[in-house]
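So this block is work.cif, mmCIF, N, CA, C and O atoms:
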```
data_my_file
#
loop_
_atom_site.label_atom_id
_atom_site.label_comp_id
_atom_site.auth_asym_id
_atom_site.auth_seq_id
_atom_site.Cartn_x
_atom_site.Cartn_y
_atom_site.Cartn_z
N MET A 200 -45.45 -1.32 -9.60
CA MET A 200 -44.43 -0.32 -9.45
C MET A 200 -44.51 0.26 -8.05
O MET A 200 -45.58 0.61 -7.58
N ARG A 201 -43.36 0.33 -7.39
CA ARG A 201 -43.32 0.84 -6.02
C ARG A 201 -43.25 2.35 -6.03
O ARG A 201 -42.62 2.96 -6.87
N HIS A 202 -43.87 2.91 -5.07
CA HIS A 202 -43.85 4.35 -4.93
C HIS A 202 -42.66 4.73 -4.05
O HIS A 202 -42.48 4.20 -2.96
N VAL A 203 -41.83 5.64 -4.54
CA VAL A 203 -40.68 6.11 -3.77
C VAL A 203 -41.10 7.39 -3.06
O VAL A 203 -41.61 8.31 -3.69
N GLY A 204 -40.90 7.40 -1.75
CA GLY A 204 -41.28 8.57 -0.96
C GLY A 204 -40.39 9.75 -1.27
O GLY A 204 -39.45 9.67 -2.06
N PRO A 205 -40.67 10.88 -0.63
CA PRO A 205 -39.88 12.08 -0.92
C PRO A 205 -38.43 11.96 -0.50
O PRO A 205 -37.55 12.63 -1.03
N TRP A 206 -38.12 11.07 0.46
CA TRP A 206 -36.73 10.93 0.93
C TRP A 206 -36.02 9.75 0.27
O TRP A 206 -34.82 9.59 0.45
N GLY A 207 -36.72 8.96 -0.48
CA GLY A 207 -36.12 7.76 -1.10
C GLY A 207 -35.04 8.09 -2.11
O GLY A 207 -33.98 7.48 -2.13
N ALA A 208 -35.27 9.06 -2.97
CA ALA A 208 -34.29 9.42 -3.98
C ALA A 208 -33.04 10.03 -3.35
O ALA A 208 -31.92 9.79 -3.79
N VAL A 209 -33.24 10.82 -2.30
CA VAL A 209 -32.11 11.44 -1.60
C VAL A 209 -31.28 10.36 -0.92
O VAL A 209 -30.05 10.40 -0.94
N MET A 210 -31.93 9.37 -0.36
CA MET A 210 -31.23 8.30 0.35
C MET A 210 -30.37 7.47 -0.61
O MET A 210 -29.23 7.14 -0.30
N VAL A 211 -30.92 7.16 -1.78
CA VAL A 211 -30.17 6.40 -2.77
C VAL A 211 -28.97 7.22 -3.25
O VAL A 211 -27.86 6.70 -3.40
N GLU A 212 -29.17 8.50 -3.46
CA GLU A 212 -28.08 9.37 -3.90
C GLU A 212 -26.98 9.44 -2.85
O GLU A 212 -25.79 9.38 -3.17
N GLU A 213 -27.34 9.53 -1.59
CA GLU A 213 -26.34 9.55 -0.51
C GLU A 213 -25.59 8.23 -0.42
O GLU A 213 -24.38 8.21 -0.18
N LEU A 214 -26.28 7.12 -0.64
CA LEU A 214 -25.62 5.81 -0.62
C LEU A 214 -24.63 5.69 -1.78
O LEU A 214 -23.53 5.14 -1.62
N VAL A 215 -24.99 6.19 -2.94
CA VAL A 215 -24.09 6.13 -4.10
C VAL A 215 -22.86 7.00 -3.84
O VAL A 215 -21.72 6.58 -4.09
N VAL A 216 -23.07 8.19 -3.30
CA VAL A 216 -21.94 9.07 -2.99
C VAL A 216 -21.04 8.44 -1.94
O VAL A 216 -19.80 8.47 -2.05
N ALA A 217 -21.63 7.82 -0.92
CA ALA A 217 -20.84 7.15 0.12
C ALA A 217 -20.06 5.98 -0.46
O ALA A 217 -18.89 5.78 -0.13
N GLY A 218 -20.67 5.21 -1.34
CA GLY A 218 -19.99 4.08 -1.97
C GLY A 218 -18.82 4.52 -2.83
O GLY A 218 -17.74 3.92 -2.80
N VAL A 219 -19.03 5.58 -3.61
CA VAL A 219 -17.95 6.10 -4.45
C VAL A 219 -16.82 6.65 -3.58
O VAL A 219 -15.64 6.45 -3.88
N SER A 220 -17.15 7.30 -2.49
CA SER A 220 -16.14 7.84 -1.58
C SER A 220 -15.31 6.73 -0.95
O SER A 220 -14.08 6.82 -0.89
N VAL A 221 -15.97 5.68 -0.50
CA VAL A 221 -15.27 4.54 0.10
C VAL A 221 -14.37 3.87 -0.93
O VAL A 221 -13.23 3.50 -0.63
N ALA A 222 -14.85 3.71 -2.15
CA ALA A 222 -14.04 3.11 -3.20
C ALA A 222 -12.83 3.97 -3.53
O ALA A 222 -11.73 3.45 -3.74
N ALA A 223 -13.00 5.30 -3.56
CA ALA A 223 -11.88 6.19 -3.85
C ALA A 223 -10.83 6.14 -2.75
O ALA A 223 -9.62 6.09 -3.02
N VAL A 224 -11.27 6.13 -1.49
CA VAL A 224 -10.32 6.05 -0.37
C VAL A 224 -9.61 4.70 -0.39
O VAL A 224 -8.39 4.63 -0.16
N GLY A 225 -10.31 3.63 -0.70
CA GLY A 225 -9.68 2.31 -0.81
C GLY A 225 -8.65 2.26 -1.91
O GLY A 225 -7.58 1.67 -1.75
N LEU A 226 -8.95 2.89 -3.04
CA LEU A 226 -8.01 2.91 -4.15
C LEU A 226 -6.75 3.69 -3.79
O LEU A 226 -5.63 3.26 -4.09
N VAL A 227 -6.92 4.82 -3.12
CA VAL A 227 -5.76 5.61 -2.68
C VAL A 227 -4.92 4.81 -1.68
O VAL A 227 -3.69 4.83 -1.73
N TYR A 228 -5.57 4.07 -0.79
CA TYR A 228 -4.86 3.25 0.20
C TYR A 228 -4.04 2.16 -0.48
O TYR A 228 -2.88 1.92 -0.13
N VAL A 229 -4.62 1.49 -1.47
CA VAL A 229 -3.89 0.43 -2.18
C VAL A 229 -2.74 1.02 -2.99
O VAL A 229 -1.65 0.47 -3.01
N MET A 230 -2.98 2.17 -3.61
CA MET A 230 -1.91 2.79 -4.38
C MET A 230 -0.77 3.27 -3.48
O MET A 230 0.39 3.27 -3.90
N ALA A 231 -1.07 3.66 -2.25
CA ALA A 231 -0.02 4.09 -1.32
C ALA A 231 0.84 2.91 -0.88
O ALA A 231 2.00 3.08 -0.51
N GLY A 232 0.30 1.71 -0.92
CA GLY A 232 1.05 0.53 -0.49
C GLY A 232 1.69 -0.25 -1.62
O GLY A 232 2.34 -1.25 -1.39
N ALA A 233 1.52 0.19 -2.86
CA ALA A 233 2.06 -0.52 -4.01
C ALA A 233 3.52 -0.14 -4.22
O ALA A 233 3.88 1.03 -4.21
N ARG A 234 4.36 -1.14 -4.40
CA ARG A 234 5.78 -0.93 -4.67
C ARG A 234 6.23 -1.88 -5.77
O ARG A 234 5.68 -2.96 -5.94
N VAL A 235 7.25 -1.47 -6.51
CA VAL A 235 7.85 -2.31 -7.53
C VAL A 235 9.32 -2.48 -7.19
O VAL A 235 10.05 -1.52 -7.04
N VAL A 236 9.74 -3.73 -7.05
CA VAL A 236 11.14 -4.07 -6.78
C VAL A 236 11.76 -4.51 -8.10
O VAL A 236 11.24 -5.41 -8.76
N LYS A 237 12.84 -3.88 -8.49
CA LYS A 237 13.48 -4.17 -9.77
C LYS A 237 14.21 -5.52 -9.71
O LYS A 237 14.46 -6.06 -8.64
N GLN A 238 14.59 -6.00 -10.89
CA GLN A 238 15.18 -7.33 -11.00
C GLN A 238 16.48 -7.46 -10.20
O GLN A 238 16.76 -8.50 -9.63
N TYR A 239 17.26 -6.40 -10.13
CA TYR A 239 18.55 -6.46 -9.44
C TYR A 239 18.46 -6.01 -7.99
O TYR A 239 19.46 -5.81 -7.33
N GLU A 240 17.25 -5.87 -7.46
CA GLU A 240 17.05 -5.45 -6.08
C GLU A 240 16.28 -6.51 -5.30
O GLU A 240 15.65 -7.39 -5.87
N ARG A 241 16.34 -6.39 -4.00
CA ARG A 241 15.48 -7.17 -3.10
C ARG A 241 14.86 -6.17 -2.13
O ARG A 241 15.48 -5.18 -1.76
N GLY A 242 13.66 -6.44 -1.72
CA GLY A 242 12.97 -5.55 -0.80
C GLY A 242 12.96 -6.12 0.60
O GLY A 242 12.55 -7.26 0.82
N VAL A 243 13.41 -5.34 1.56
CA VAL A 243 13.40 -5.75 2.96
C VAL A 243 12.28 -4.98 3.65
O VAL A 243 12.24 -3.76 3.61
N VAL A 244 11.35 -5.71 4.26
CA VAL A 244 10.19 -5.08 4.87
C VAL A 244 10.42 -4.94 6.37
O VAL A 244 10.78 -5.89 7.05
N LEU A 245 10.23 -3.70 6.85
CA LEU A 245 10.30 -3.42 8.27
C LEU A 245 8.89 -3.09 8.75
O LEU A 245 8.28 -2.14 8.27
N ARG A 246 8.36 -3.89 9.64
CA ARG A 246 7.03 -3.63 10.19
C ARG A 246 7.21 -3.07 11.59
O ARG A 246 7.67 -3.75 12.49
N LEU A 247 6.85 -1.80 11.73
CA LEU A 247 7.00 -1.08 13.00
C LEU A 247 8.43 -1.16 13.51
O LEU A 247 8.68 -1.30 14.70
N GLY A 248 9.40 -1.12 12.59
CA GLY A 248 10.81 -1.13 12.96
C GLY A 248 11.42 -2.50 13.10
O GLY A 248 12.63 -2.61 13.27
N ARG A 249 10.62 -3.55 13.02
CA ARG A 249 11.14 -4.91 13.12
C ARG A 249 11.25 -5.55 11.75
O ARG A 249 10.36 -5.42 10.92
N LEU A 250 12.34 -6.27 11.54
CA LEU A 250 12.59 -6.91 10.26
C LEU A 250 11.65 -8.09 10.07
O LEU A 250 11.50 -8.94 10.95
N ARG A 251 10.99 -8.14 8.92
CA ARG A 251 10.15 -9.29 8.58
C ARG A 251 11.03 -10.44 8.13
O ARG A 251 12.17 -10.26 7.75
N SER A 252 10.52 -11.64 8.15
CA SER A 252 11.33 -12.83 7.95
C SER A 252 11.92 -12.97 6.54
O SER A 252 13.07 -13.36 6.39
N GLU A 253 11.16 -12.67 5.50
CA GLU A 253 11.64 -12.91 4.15
C GLU A 253 11.81 -11.61 3.38
O GLU A 253 11.04 -10.67 3.56
N ALA A 254 12.81 -11.60 2.51
CA ALA A 254 13.00 -10.46 1.61
C ALA A 254 12.04 -10.62 0.44
O ALA A 254 11.75 -11.73 0.00
N ARG A 255 11.54 -9.51 -0.06
CA ARG A 255 10.64 -9.54 -1.21
C ARG A 255 11.46 -9.62 -2.48
O ARG A 255 12.42 -8.88 -2.67
N GLY A 256 11.08 -10.52 -3.34
CA GLY A 256 11.77 -10.68 -4.61
C GLY A 256 11.37 -9.62 -5.61
O GLY A 256 10.56 -8.74 -5.32
N PRO A 257 11.94 -9.70 -6.82
CA PRO A 257 11.62 -8.70 -7.83
C PRO A 257 10.16 -8.80 -8.28
O PRO A 257 9.59 -9.88 -8.31
N GLY A 258 9.60 -7.65 -8.62
CA GLY A 258 8.23 -7.61 -9.11
C GLY A 258 7.37 -6.68 -8.28
O GLY A 258 7.86 -5.88 -7.47
N PHE A 259 6.06 -6.80 -8.46
CA PHE A 259 5.09 -5.96 -7.78
C PHE A 259 4.83 -6.51 -6.38
O PHE A 259 4.65 -7.70 -6.20
N THR A 260 4.82 -5.65 -5.39
CA THR A 260 4.54 -6.08 -4.02
C THR A 260 3.70 -5.02 -3.31
O THR A 260 3.72 -3.86 -3.67
N LEU A 261 2.94 -5.46 -2.34
CA LEU A 261 2.10 -4.56 -1.55
C LEU A 261 2.57 -4.56 -0.10
O LEU A 261 2.95 -5.60 0.43
N ILE A 262 2.55 -3.37 0.51
CA ILE A 262 2.85 -3.25 1.93
C ILE A 262 1.68 -2.53 2.59
O ILE A 262 0.83 -1.96 1.92
N VAL A 263 1.65 -2.56 3.91
CA VAL A 263 0.61 -1.86 4.66
C VAL A 263 1.10 -0.43 4.91
O VAL A 263 2.06 -0.23 5.65
N PRO A 264 0.47 0.57 4.29
CA PRO A 264 0.93 1.95 4.45
C PRO A 264 0.81 2.41 5.90
O PRO A 264 -0.16 2.12 6.58
N GLY A 265 1.83 3.11 6.37
CA GLY A 265 1.82 3.62 7.73
C GLY A 265 2.35 2.64 8.75
O GLY A 265 2.71 3.02 9.85
N VAL A 266 2.40 1.37 8.40
CA VAL A 266 2.90 0.33 9.32
C VAL A 266 4.21 -0.25 8.81
O VAL A 266 5.15 -0.42 9.57
N ASP A 267 4.26 -0.55 7.52
CA ASP A 267 5.44 -1.16 6.91
C ASP A 267 6.28 -0.11 6.19
O ASP A 267 5.77 0.89 5.70
N LYS A 268 7.58 -0.40 6.14
CA LYS A 268 8.50 0.35 5.30
C LYS A 268 9.25 -0.66 4.46
O LYS A 268 9.69 -1.69 4.95
N LEU A 269 9.38 -0.37 3.17
CA LEU A 269 10.11 -1.24 2.27
C LEU A 269 11.41 -0.57 1.90
O LEU A 269 11.42 0.52 1.33
N ARG A 270 12.51 -1.19 2.26
CA ARG A 270 13.83 -0.69 1.90
C ARG A 270 14.35 -1.56 0.77
O ARG A 270 14.39 -2.79 0.90
N LYS A 271 14.76 -0.94 -0.30
CA LYS A 271 15.28 -1.68 -1.45
C LYS A 271 16.79 -1.81 -1.30
O LYS A 271 17.48 -0.83 -1.05
N VAL A 272 17.29 -3.03 -1.47
CA VAL A 272 18.72 -3.33 -1.35
C VAL A 272 19.23 -3.71 -2.73
O VAL A 272 18.71 -4.63 -3.36
N ASN A 273 20.24 -2.99 -3.19
CA ASN A 273 20.84 -3.25 -4.49
C ASN A 273 21.73 -4.49 -4.39
O ASN A 273 22.63 -4.56 -3.55
N MET A 274 21.48 -5.48 -5.24
CA MET A 274 22.23 -6.73 -5.20
C MET A 274 23.32 -6.79 -6.28
O MET A 274 23.96 -7.81 -6.46
N GLN A 275 23.56 -5.69 -6.98
CA GLN A 275 24.57 -5.68 -8.02
C GLN A 275 25.96 -5.69 -7.40
O GLN A 275 26.18 -5.15 -6.32
N ILE A 276 26.88 -6.27 -8.12
CA ILE A 276 28.27 -6.30 -7.68
C ILE A 276 28.91 -4.96 -8.03
O ILE A 276 28.85 -4.52 -9.18
N VAL A 277 29.50 -4.32 -7.06
CA VAL A 277 30.15 -3.03 -7.27
C VAL A 277 31.66 -3.25 -7.20
O VAL A 277 32.19 -3.70 -6.19
N THR A 278 32.34 -2.93 -8.30
CA THR A 278 33.80 -3.10 -8.32
C THR A 278 34.45 -1.82 -7.84
O THR A 278 33.99 -0.72 -8.13
N MET A 279 35.51 -1.99 -7.09
CA MET A 279 36.24 -0.84 -6.56
C MET A 279 37.70 -0.98 -6.96
O MET A 279 38.26 -2.08 -6.94
N PRO A 280 38.35 0.11 -7.32
CA PRO A 280 39.76 0.03 -7.70
C PRO A 280 40.62 -0.28 -6.47
O PRO A 280 40.40 0.24 -5.38
N VAL A 281 41.60 -1.16 -6.67
CA VAL A 281 42.52 -1.53 -5.61
C VAL A 281 43.86 -0.86 -5.90
O VAL A 281 44.42 -1.08 -6.99
N PRO A 282 44.38 -0.07 -4.98
CA PRO A 282 45.66 0.59 -5.26
C PRO A 282 46.80 -0.42 -5.32
O PRO A 282 46.74 -1.50 -4.70
N ALA A 283 47.82 -0.08 -6.09
CA ALA A 283 48.98 -0.96 -6.23
C ALA A 283 49.67 -1.11 -4.89
O ALA A 283 49.77 -0.18 -4.10
N GLN A 284 50.20 -2.32 -4.65
CA GLN A 284 50.88 -2.59 -3.37
C GLN A 284 52.39 -2.72 -3.63
O GLN A 284 52.85 -3.75 -4.08
N ASP A 285 53.10 -1.68 -3.36
CA ASP A 285 54.55 -1.68 -3.57
C ASP A 285 55.24 -2.16 -2.29
O ASP A 285 54.81 -1.88 -1.17
N GLY A 286 56.33 -2.84 -2.49
CA GLY A 286 57.18 -3.22 -1.37
C GLY A 286 56.74 -4.46 -0.62
O GLY A 286 57.13 -4.67 0.52
N ILE A 287 55.93 -5.32 -1.23
CA ILE A 287 55.52 -6.54 -0.54
C ILE A 287 56.65 -7.56 -0.61
O ILE A 287 56.92 -8.24 0.38
N THR A 288 57.32 -7.68 -1.73
CA THR A 288 58.43 -8.65 -1.84
C THR A 288 59.75 -7.90 -1.90
O THR A 288 59.81 -6.73 -2.28
N ARG A 289 60.85 -8.58 -1.59
CA ARG A 289 62.18 -7.97 -1.64
C ARG A 289 62.80 -8.10 -2.98
O ARG A 289 62.94 -9.03 -3.61
#
```
Would you put the structure from the file into structure tokens?
Amino acid sequence: MRHVGPWGAVMVEELVVAGVSVAAVGLVYVMAGARVVKQYERGVVLRLGRLRSEARGPGFTLIVPGVDKLRKVNMQIVTMPVPAQDGITR
């Protein structure tokens, strides 16, 4: 059995706290970059203001927080009323 010095227990405790802190910050970072694109939408990714090559399809997608912006584009067909056209024929 190894003898743990007076600072050994404190060191292990600090390492555990540091590990939990890093894991929590990593989890918050991943959650900040998580997006869901609905079935009738497509996601357009802008990285530092420049358009990325492909649109993101429906489903779960990740972006880089602070660098990327995901704009959702509605792909549904929107019908608009057309007013009657009087006087076209004689």
(request) Quote the spacing between atom N of Met210 in chain A and CA of Ala222 in chain A in Å to one decimal place. (result) 19.2 Å
(message) Going by DSSP on the backbone, which residues of chain A come out as strand (DSSP E)? List them as number ranges by chain.
(response) A: 233-236, 240-246, 249-250, 258-261, 267-273
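The spacing separating atom N of Arg246 in chain A from atom O of Lys271 in chain A amounts to 14.4 Å.
Near Phe259 in chain A, within 7 Å and counting all atoms listed in the file, sit Ala233, Arg234, Val235, Val236, Gly256, Pro257 and Leu261 of chain A, not including residues fewer than 2 positions from it in the same chain.
The interatomic distance for the pair atom O of Leu250 in chain A and CA of Asp267 in chain A works out to 10.7 Å.
Those residues that approach Leu269 in chain A to within 6 Å, counting only N, CA, C and O atoms, are Gly242, Val243, Val244 and Leu245 of chain A; same-chain residues fewer than 6 positions away are not listed.
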(request) Kindly indicate which residue among A:Ala217, A:Ala231, A:Val224, A:Met279 lies nearest to Val266 in chain A, using only C-alpha atoms for the distances. (result) A:Ala231
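Minimum atom-to-atom distances from A:Val229, A:Ala283, A:Ile276, A:Val219 to Pro264 in chain A were compared using only C-alpha atoms, and the lowest value belongs to A:Val229.
With distances restricted to only C-alpha atoms, A:Gly258 is the closest residue to Arg241 in chain A from A:Gly265, A:Pro280, A:Gly225, A:Gly258.
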Filled-in all heavy atoms of range 215-226 of chain A, supplied as a short mmCIF file (atom, residue, chain, number, x, y, z; two decimals), in the frame of the given file:
```
data_model
loop_
_atom_site.label_atom_id
_atom_site.label_comp_id
_atom_site.auth_asym_id
_atom_site.auth_seq_id
_atom_site.Cartn_x
_atom_site.Cartn_y
_atom_site.Cartn_z
N VAL A 215 -24.99 6.19 -2.94
CA VAL A 215 -24.09 6.13 -4.10
C VAL A 215 -22.86 7.00 -3.84
O VAL A 215 -21.72 6.58 -4.09
CB VAL A 215 -24.82 6.58 -5.38
CG1 VAL A 215 -23.85 6.79 -6.52
CG2 VAL A 215 -25.88 5.56 -5.76
N VAL A 216 -23.07 8.19 -3.30
CA VAL A 216 -21.94 9.07 -2.99
C VAL A 216 -21.04 8.44 -1.94
O VAL A 216 -19.80 8.47 -2.05
CB VAL A 216 -22.44 10.46 -2.53
CG1 VAL A 216 -21.30 11.29 -1.96
CG2 VAL A 216 -23.10 11.19 -3.69
N ALA A 217 -21.63 7.82 -0.92
CA ALA A 217 -20.84 7.15 0.12
C ALA A 217 -20.06 5.98 -0.46
O ALA A 217 -18.89 5.78 -0.13
CB ALA A 217 -21.74 6.69 1.25
N GLY A 218 -20.67 5.21 -1.34
CA GLY A 218 -19.99 4.08 -1.97
C GLY A 218 -18.82 4.52 -2.83
O GLY A 218 -17.74 3.92 -2.80
N VAL A 219 -19.03 5.58 -3.61
CA VAL A 219 -17.95 6.10 -4.45
C VAL A 219 -16.82 6.65 -3.58
O VAL A 219 -15.64 6.45 -3.88
CB VAL A 219 -18.49 7.18 -5.42
CG1 VAL A 219 -17.37 7.92 -6.10
CG2 VAL A 219 -19.43 6.54 -6.43
N SER A 220 -17.15 7.30 -2.49
CA SER A 220 -16.14 7.84 -1.58
C SER A 220 -15.31 6.73 -0.95
O SER A 220 -14.08 6.82 -0.89
CB SER A 220 -16.79 8.68 -0.48
OG SER A 220 -17.48 9.77 -1.04
N VAL A 221 -15.97 5.68 -0.50
CA VAL A 221 -15.27 4.54 0.10
C VAL A 221 -14.37 3.87 -0.93
O VAL A 221 -13.23 3.50 -0.63
CB VAL A 221 -16.27 3.55 0.72
CG1 VAL A 221 -15.60 2.24 1.08
CG2 VAL A 221 -16.94 4.16 1.94
N ALA A 222 -14.85 3.71 -2.15
CA ALA A 222 -14.04 3.11 -3.20
C ALA A 222 -12.83 3.97 -3.53
O ALA A 222 -11.73 3.45 -3.74
CB ALA A 222 -14.90 2.89 -4.45
N ALA A 223 -13.00 5.30 -3.56
CA ALA A 223 -11.88 6.19 -3.85
C ALA A 223 -10.83 6.14 -2.75
O ALA A 223 -9.62 6.09 -3.02
CB ALA A 223 -12.37 7.62 -4.03
N VAL A 224 -11.27 6.13 -1.49
CA VAL A 224 -10.32 6.05 -0.37
C VAL A 224 -9.61 4.70 -0.39
O VAL A 224 -8.39 4.63 -0.16
CB VAL A 224 -11.06 6.27 0.96
CG1 VAL A 224 -10.19 5.91 2.14
CG2 VAL A 224 -11.53 7.71 1.07
N GLY A 225 -10.31 3.63 -0.70
CA GLY A 225 -9.68 2.31 -0.81
C GLY A 225 -8.65 2.26 -1.91
O GLY A 225 -7.58 1.67 -1.75
N LEU A 226 -8.95 2.89 -3.04
CA LEU A 226 -8.01 2.91 -4.15
C LEU A 226 -6.75 3.69 -3.79
O LEU A 226 -5.63 3.26 -4.09
CB LEU A 226 -8.67 3.52 -5.39
CG LEU A 226 -7.83 3.58 -6.65
CD1 LEU A 226 -7.46 2.18 -7.12
CD2 LEU A 226 -8.57 4.33 -7.74
#
```
